[in-house]
Amino acid sequence: MLVDCKDIYTRFATYTVGQLSWPVCDSDNYKFWGKCLKRETVYQPEVPELMTEYVKCKKCYIVYAKNVVLGYSLYTTPSKVDKRIEGLGGLMPEDPIRNNFNLELIKSVYGKSSDFSLFDVGCSGGEFLELALGSGIKAEGIELNKEFAQEARKRTNAMIYEGDMCEISIARKFDVIQFTEILEHILEPNKFMNKVWEILNPGGMIFLTTMPNTSSIQIKSSKCENPMIRGTFSHHVLYNPSAIRFLLQEHGFSRIRFYHYKRNVWSIKDTLMRLINLFGYFDNQVIATAWK
Ligand SMILES: [Zn+2]
């Protein structure tokens with residue numbers, strides 16, 4: 001729940017800030033986790049309300065912003081996104097490789113046949129949908145951003161819903177629902193997960209990724225100094241594998257499994273990470289599947 005909302009006027013833009021309470025569980029037993037003392041893309045020392053403080057819930061292990069700044073990225077058209085505030089946006093160079101990795105993982109975990117329906121939550125310009133459709137999967141998507149939704153329709157000819165998934169009616173159910181890099185932006189994860197459950201077929205599977213992983217070496221050593229946190233106003237709720245497990249179990253999901261992102265090329269860094277991951281889950285991204 002977001003309460004005590006107020007508008008903050010700066011020389012760059014108008015922001016809405018509010019207090020976030022108990023996004024996942026009902027416990028208010030939390031501890032201080034970190035504070036953004038400056039932002040990657042805009043430095044605004046004159047606005048203390050924008051210096052987000054993050055706390056960690058001792059019961060469900062999420063890390064969340066106490067004071068949420070509602071800025072731009074998800075709610076305005078790409079042309080209007082202030083590049084000083086939200087970075088450059090658009091596809092990262094690694095994204096097509098990740099899309100391929102995600103699709104192969106979904107296919108191998110769900111089963112060998114491509115004969116299933118898939119719903120891509122936050123499908124952006126339809127890049128992943130295009131891949132999925134190309135391999136015979138019956139895929140549809142939903143996108144909050146009008147321009148991206150239009151781009152996705154053009155690219156795929158698929159059914160693309162437009163709007164907030166929790167607010168609109170979705171006529172059918174799916175065998176697989178994927179939400180990659182979505183959860184960290186969601187202020188009310190319980191409402192979101194209820195909707196996912198509602199439109200997932202019995203026996204269906206979810207595939208999710210979220211970044212950053214608060215148990216990763218990068219985040220543990222840099223916390224709010226990390227660009228994944230200070231570089232954006234829209235990473236409100238941060239997870240690690242324990243927090244994901246808590247959230248999914250609370251919503252009735254079972255057979256929860258975690259995976260490591262693997263590139264096809266060999267590198268010293270990847271090999272080191274594989275060794276380190278023998279002692280825990282230290283990747284920057286949490287990747288998981290679970291079943292209804
Ligand atoms: Zn909690």
# chains A, B, ... in the order shown; residues from 1 in each chain; ligands from 1
$ residues_around --residues "Thr156 of chain A" --least-positions-apart "2" --cutoff "12 Å" --atoms "only C-alpha atoms" --output "number ranges by chain"
A: 123-134, 138-141, 149-154, 158-160
$ write_last_selection --atoms "N, CA and C atoms" --output "PDB file, in the first residue's frame"
ATOM      1  N   CYS A 123       5.360  -7.054 -22.116  1.00  0.00           N
ATOM      2  CA  CYS A 123       6.022  -7.645 -23.299  1.00  0.00           C
ATOM      3  C   CYS A 123       6.847  -6.627 -24.075  1.00  0.00           C
ATOM      4  N   SER A 124       6.839  -5.359 -23.650  1.00  0.00           N
ATOM      5  CA  SER A 124       7.636  -4.320 -24.313  1.00  0.00           C
ATOM      6  C   SER A 124       7.321  -4.284 -25.813  1.00  0.00           C
ATOM      7  N   GLY A 125       8.304  -4.210 -26.668  1.00  0.00           N
ATOM      8  CA  GLY A 125       8.068  -4.134 -28.106  1.00  0.00           C
ATOM      9  C   GLY A 125       7.802  -5.471 -28.775  1.00  0.00           C
ATOM     10  N   GLY A 126       7.614  -6.527 -27.983  1.00  0.00           N
ATOM     11  CA  GLY A 126       7.248  -7.835 -28.541  1.00  0.00           C
ATOM     12  C   GLY A 126       8.417  -8.684 -29.003  1.00  0.00           C
ATOM     13  N   GLU A 127       9.632  -8.319 -28.585  1.00  0.00           N
ATOM     14  CA  GLU A 127      10.821  -9.042 -29.045  1.00  0.00           C
ATOM     15  C   GLU A 127      10.780 -10.513 -28.616  1.00  0.00           C
ATOM     16  N   PHE A 128      10.416 -10.762 -27.357  1.00  0.00           N
ATOM     17  CA  PHE A 128      10.348 -12.149 -26.890  1.00  0.00           C
ATOM     18  C   PHE A 128       9.178 -12.880 -27.546  1.00  0.00           C
ATOM     19  N   LEU A 129       8.032 -12.197 -27.657  1.00  0.00           N
ATOM     20  CA  LEU A 129       6.848 -12.822 -28.273  1.00  0.00           C
ATOM     21  C   LEU A 129       7.154 -13.300 -29.685  1.00  0.00           C
ATOM     22  N   GLU A 130       7.882 -12.481 -30.428  1.00  0.00           N
ATOM     23  CA  GLU A 130       8.240 -12.833 -31.793  1.00  0.00           C
ATOM     24  C   GLU A 130       9.008 -14.158 -31.825  1.00  0.00           C
ATOM     25  N   LEU A 131       9.961 -14.289 -30.896  1.00  0.00           N
ATOM     26  CA  LEU A 131      10.737 -15.530 -30.789  1.00  0.00           C
ATOM     27  C   LEU A 131       9.847 -16.718 -30.455  1.00  0.00           C
ATOM     28  N   ALA A 132       8.962 -16.515 -29.441  1.00  0.00           N
ATOM     29  CA  ALA A 132       8.099 -17.596 -28.981  1.00  0.00           C
ATOM     30  C   ALA A 132       7.146 -18.043 -30.096  1.00  0.00           C
ATOM     31  N   LEU A 133       6.540 -17.064 -30.777  1.00  0.00           N
ATOM     32  CA  LEU A 133       5.618 -17.378 -31.876  1.00  0.00           C
ATOM     33  C   LEU A 133       6.361 -18.130 -32.977  1.00  0.00           C
ATOM     34  N   GLY A 134       7.600 -17.715 -33.224  1.00  0.00           N
ATOM     35  CA  GLY A 134       8.417 -18.342 -34.255  1.00  0.00           C
ATOM     36  C   GLY A 134       8.708 -19.800 -33.963  1.00  0.00           C
ATOM     37  N   LYS A 138       1.770 -20.604 -28.858  1.00  0.00           N
ATOM     38  CA  LYS A 138       0.658 -19.659 -29.021  1.00  0.00           C
ATOM     39  C   LYS A 138       0.803 -18.561 -27.964  1.00  0.00           C
ATOM     40  N   ALA A 139       1.377 -17.447 -28.375  1.00  0.00           N
ATOM     41  CA  ALA A 139       1.778 -16.431 -27.389  1.00  0.00           C
ATOM     42  C   ALA A 139       0.976 -15.143 -27.528  1.00  0.00           C
ATOM     43  N   GLU A 140       0.640 -14.561 -26.385  1.00  0.00           N
ATOM     44  CA  GLU A 140       0.008 -13.248 -26.317  1.00  0.00           C
ATOM     45  C   GLU A 140       0.742 -12.437 -25.254  1.00  0.00           C
ATOM     46  N   GLY A 141       0.462 -11.130 -25.211  1.00  0.00           N
ATOM     47  CA  GLY A 141       1.193 -10.323 -24.237  1.00  0.00           C
ATOM     48  C   GLY A 141       0.364  -9.177 -23.701  1.00  0.00           C
ATOM     49  N   ALA A 149       3.224  -1.219 -26.787  1.00  0.00           N
ATOM     50  CA  ALA A 149       2.163  -2.163 -27.136  1.00  0.00           C
ATOM     51  C   ALA A 149       1.898  -2.132 -28.639  1.00  0.00           C
ATOM     52  N   GLN A 150       1.869  -0.937 -29.187  1.00  0.00           N
ATOM     53  CA  GLN A 150       1.640  -0.770 -30.625  1.00  0.00           C
ATOM     54  C   GLN A 150       2.770  -1.413 -31.431  1.00  0.00           C
ATOM     55  N   GLU A 151       3.987  -1.202 -30.963  1.00  0.00           N
ATOM     56  CA  GLU A 151       5.163  -1.791 -31.613  1.00  0.00           C
ATOM     57  C   GLU A 151       5.078  -3.320 -31.576  1.00  0.00           C
ATOM     58  N   ALA A 152       4.628  -3.851 -30.437  1.00  0.00           N
ATOM     59  CA  ALA A 152       4.521  -5.305 -30.284  1.00  0.00           C
ATOM     60  C   ALA A 152       3.475  -5.873 -31.240  1.00  0.00           C
ATOM     61  N   ARG A 153       2.356  -5.155 -31.404  1.00  0.00           N
ATOM     62  CA  ARG A 153       1.312  -5.606 -32.337  1.00  0.00           C
ATOM     63  C   ARG A 153       1.855  -5.654 -33.757  1.00  0.00           C
ATOM     64  N   LYS A 154       2.569  -4.596 -34.130  1.00  0.00           N
ATOM     65  CA  LYS A 154       3.135  -4.525 -35.483  1.00  0.00           C
ATOM     66  C   LYS A 154       4.117  -5.667 -35.712  1.00  0.00           C
ATOM     67  N   ALA A 158       0.148 -10.495 -32.851  1.00  0.00           N
ATOM     68  CA  ALA A 158      -0.470 -11.264 -31.765  1.00  0.00           C
ATOM     69  C   ALA A 158      -1.420 -10.371 -30.971  1.00  0.00           C
ATOM     70  N   MET A 159      -2.244 -11.002 -30.132  1.00  0.00           N
ATOM     71  CA  MET A 159      -3.121 -10.252 -29.234  1.00  0.00           C
ATOM     72  C   MET A 159      -2.264  -9.595 -28.158  1.00  0.00           C
ATOM     73  N   ILE A 160      -2.254  -8.273 -28.122  1.00  0.00           N
ATOM     74  CA  ILE A 160      -1.498  -7.556 -27.098  1.00  0.00           C
ATOM     75  C   ILE A 160      -2.482  -6.729 -26.275  1.00  0.00           C
TER      76      ILE A 160
END
$ residues_near_ligand --ligand "ligand 1" --cutoff "12 Å" --atoms "only C-alpha atoms and all ligand atoms" --output "ChimeraX atom specification"
/A:20-31,55-64,189-190,237-239,242-244,246-247,250
$ write_last_selection --atoms "N, CA and C atoms" --output "CSV table (one decimal), in the first residue's frame"
chain,number,residue,atom,x,y,z
A,20,LEU,N,5.7,3.4,1.4
A,20,LEU,CA,5.3,2.0,1.1
A,20,LEU,C,5.3,1.2,2.3
A,21,SER,N,4.2,0.4,2.6
A,21,SER,CA,4.2,-0.4,3.8
A,21,SER,C,3.9,-1.9,3.4
A,22,TRP,N,4.6,-2.8,4.0
A,22,TRP,CA,4.4,-4.2,3.9
A,22,TRP,C,3.9,-4.7,2.6
A,23,PRO,N,4.8,-4.6,1.5
A,23,PRO,CA,4.4,-5.0,0.2
A,23,PRO,C,4.0,-6.5,0.1
A,24,VAL,N,4.7,-7.3,0.8
A,24,VAL,CA,4.4,-8.8,0.6
A,24,VAL,C,3.8,-9.4,1.9
A,25,CYS,N,4.4,-9.3,3.0
A,25,CYS,CA,3.8,-10.0,4.2
A,25,CYS,C,3.2,-8.9,5.1
A,26,ASP,N,2.6,-9.3,6.3
A,26,ASP,CA,2.0,-8.3,7.2
A,26,ASP,C,2.9,-7.9,8.3
A,27,SER,N,4.2,-8.2,8.2
A,27,SER,CA,5.1,-7.9,9.3
A,27,SER,C,5.7,-6.5,9.1
A,28,ASP,N,5.8,-5.8,10.2
A,28,ASP,CA,6.5,-4.5,10.1
A,28,ASP,C,7.8,-4.6,10.9
A,29,ASN,N,8.3,-5.8,11.0
A,29,ASN,CA,9.6,-6.1,11.6
A,29,ASN,C,10.7,-6.0,10.5
A,30,TYR,N,11.1,-4.8,10.3
A,30,TYR,CA,12.1,-4.6,9.2
A,30,TYR,C,13.4,-3.9,9.8
A,31,LYS,N,14.5,-4.0,9.0
A,31,LYS,CA,15.7,-3.3,9.4
A,31,LYS,C,16.2,-2.4,8.3
A,55,VAL,N,14.5,-0.7,3.2
A,55,VAL,CA,14.5,-1.6,4.4
A,55,VAL,C,14.3,-3.0,4.0
A,56,LYS,N,14.8,-3.9,4.9
A,56,LYS,CA,14.6,-5.3,4.6
A,56,LYS,C,13.7,-6.0,5.6
A,57,CYS,N,12.7,-6.7,5.1
A,57,CYS,CA,11.7,-7.3,6.0
A,57,CYS,C,12.3,-8.6,6.6
A,58,LYS,N,12.2,-8.7,7.9
A,58,LYS,CA,12.8,-9.9,8.5
A,58,LYS,C,12.0,-11.2,8.3
A,59,LYS,N,10.7,-11.0,7.9
A,59,LYS,CA,9.9,-12.2,7.8
A,59,LYS,C,9.9,-12.7,6.3
A,60,CYS,N,9.8,-11.8,5.3
A,60,CYS,CA,9.7,-12.3,3.9
A,60,CYS,C,10.9,-12.0,3.1
A,61,TYR,N,11.9,-11.4,3.7
A,61,TYR,CA,13.2,-11.2,3.1
A,61,TYR,C,13.3,-10.2,1.9
A,62,ILE,N,12.1,-9.5,1.6
A,62,ILE,CA,12.2,-8.5,0.5
A,62,ILE,C,12.9,-7.3,1.1
A,63,VAL,N,13.5,-6.6,0.1
A,63,VAL,CA,14.1,-5.2,0.4
A,63,VAL,C,13.2,-4.3,-0.3
A,64,TYR,N,12.6,-3.2,0.3
A,64,TYR,CA,11.7,-2.3,-0.4
A,64,TYR,C,12.0,-0.9,0.0
A,189,PRO,N,2.8,-6.6,-4.9
A,189,PRO,CA,3.1,-7.9,-5.5
A,189,PRO,C,2.0,-8.9,-5.2
A,190,ASN,N,1.3,-8.8,-4.1
A,190,ASN,CA,0.2,-9.8,-3.8
A,190,ASN,C,-0.9,-9.6,-4.8
A,237,VAL,N,10.7,-2.8,-5.1
A,237,VAL,CA,10.7,-4.0,-4.3
A,237,VAL,C,11.8,-4.9,-4.8
A,238,LEU,N,12.8,-5.2,-4.0
A,238,LEU,CA,13.9,-6.0,-4.5
A,238,LEU,C,13.8,-7.4,-3.8
A,239,TYR,N,14.2,-8.4,-4.5
A,239,TYR,CA,14.1,-9.8,-4.1
A,239,TYR,C,15.4,-10.5,-4.0
A,242,SER,N,15.2,-16.3,-1.5
A,242,SER,CA,14.3,-16.6,-0.3
A,242,SER,C,13.1,-15.8,-0.4
A,243,ALA,N,13.2,-14.6,-0.8
A,243,ALA,CA,12.0,-13.7,-0.9
A,243,ALA,C,11.0,-14.2,-2.0
A,244,ILE,N,11.6,-14.6,-3.1
A,244,ILE,CA,10.8,-15.2,-4.2
A,244,ILE,C,10.1,-16.4,-3.8
A,246,PHE,N,9.3,-17.2,-0.7
A,246,PHE,CA,8.2,-16.8,0.2
A,246,PHE,C,7.0,-16.3,-0.5
A,247,LEU,N,7.2,-15.4,-1.5
A,247,LEU,CA,6.1,-14.8,-2.3
A,247,LEU,C,5.3,-15.9,-3.0
A,250,GLU,N,3.4,-18.3,-0.6
A,250,GLU,CA,2.2,-17.6,-0.1
A,250,GLU,C,1.0,-17.7,-1.1
$ closest_residue --among "A:Trp197, A:Arg230, A:Lys173, A:Asp4" --to "Met51 of chain A" --atoms "only C-alpha atoms"
A:Arg230
$ atom_distance --atom1 "atom CA of Glu198 of chain A" --atom2 "atom CA of Arg98 of chain A"
27.4 Å
$ closest_residue --among "A:Thr209, A:Asn100, A:Thr271, A:Ser221" --to "Gln178 of chain A" --atoms "only C-alpha atoms"
A:Thr209
$ select_by_dssp --residues "segment 18-236 of chain A" --states "alpha helix (DSSP H)" --output "PyMOL selection string"
chain A and resi 83-86+95-110+127-134+146-156+189-198+217-222+227-230
$ closest_residue --among "A:Met273, A:Met205, A:Leu70, A:Met211" --to "Leu248 of chain A" --atoms "only C-alpha atoms"
A:Met205
$ residues_around --residues "Tyr15 of chain A" --least-positions-apart "6" --cutoff "7 Å" --atoms "only C-alpha atoms" --output "list of chain:residue names"
A:Asp7, A:Ile8, A:Tyr9, A:Val69, A:Leu70, A:Gly71
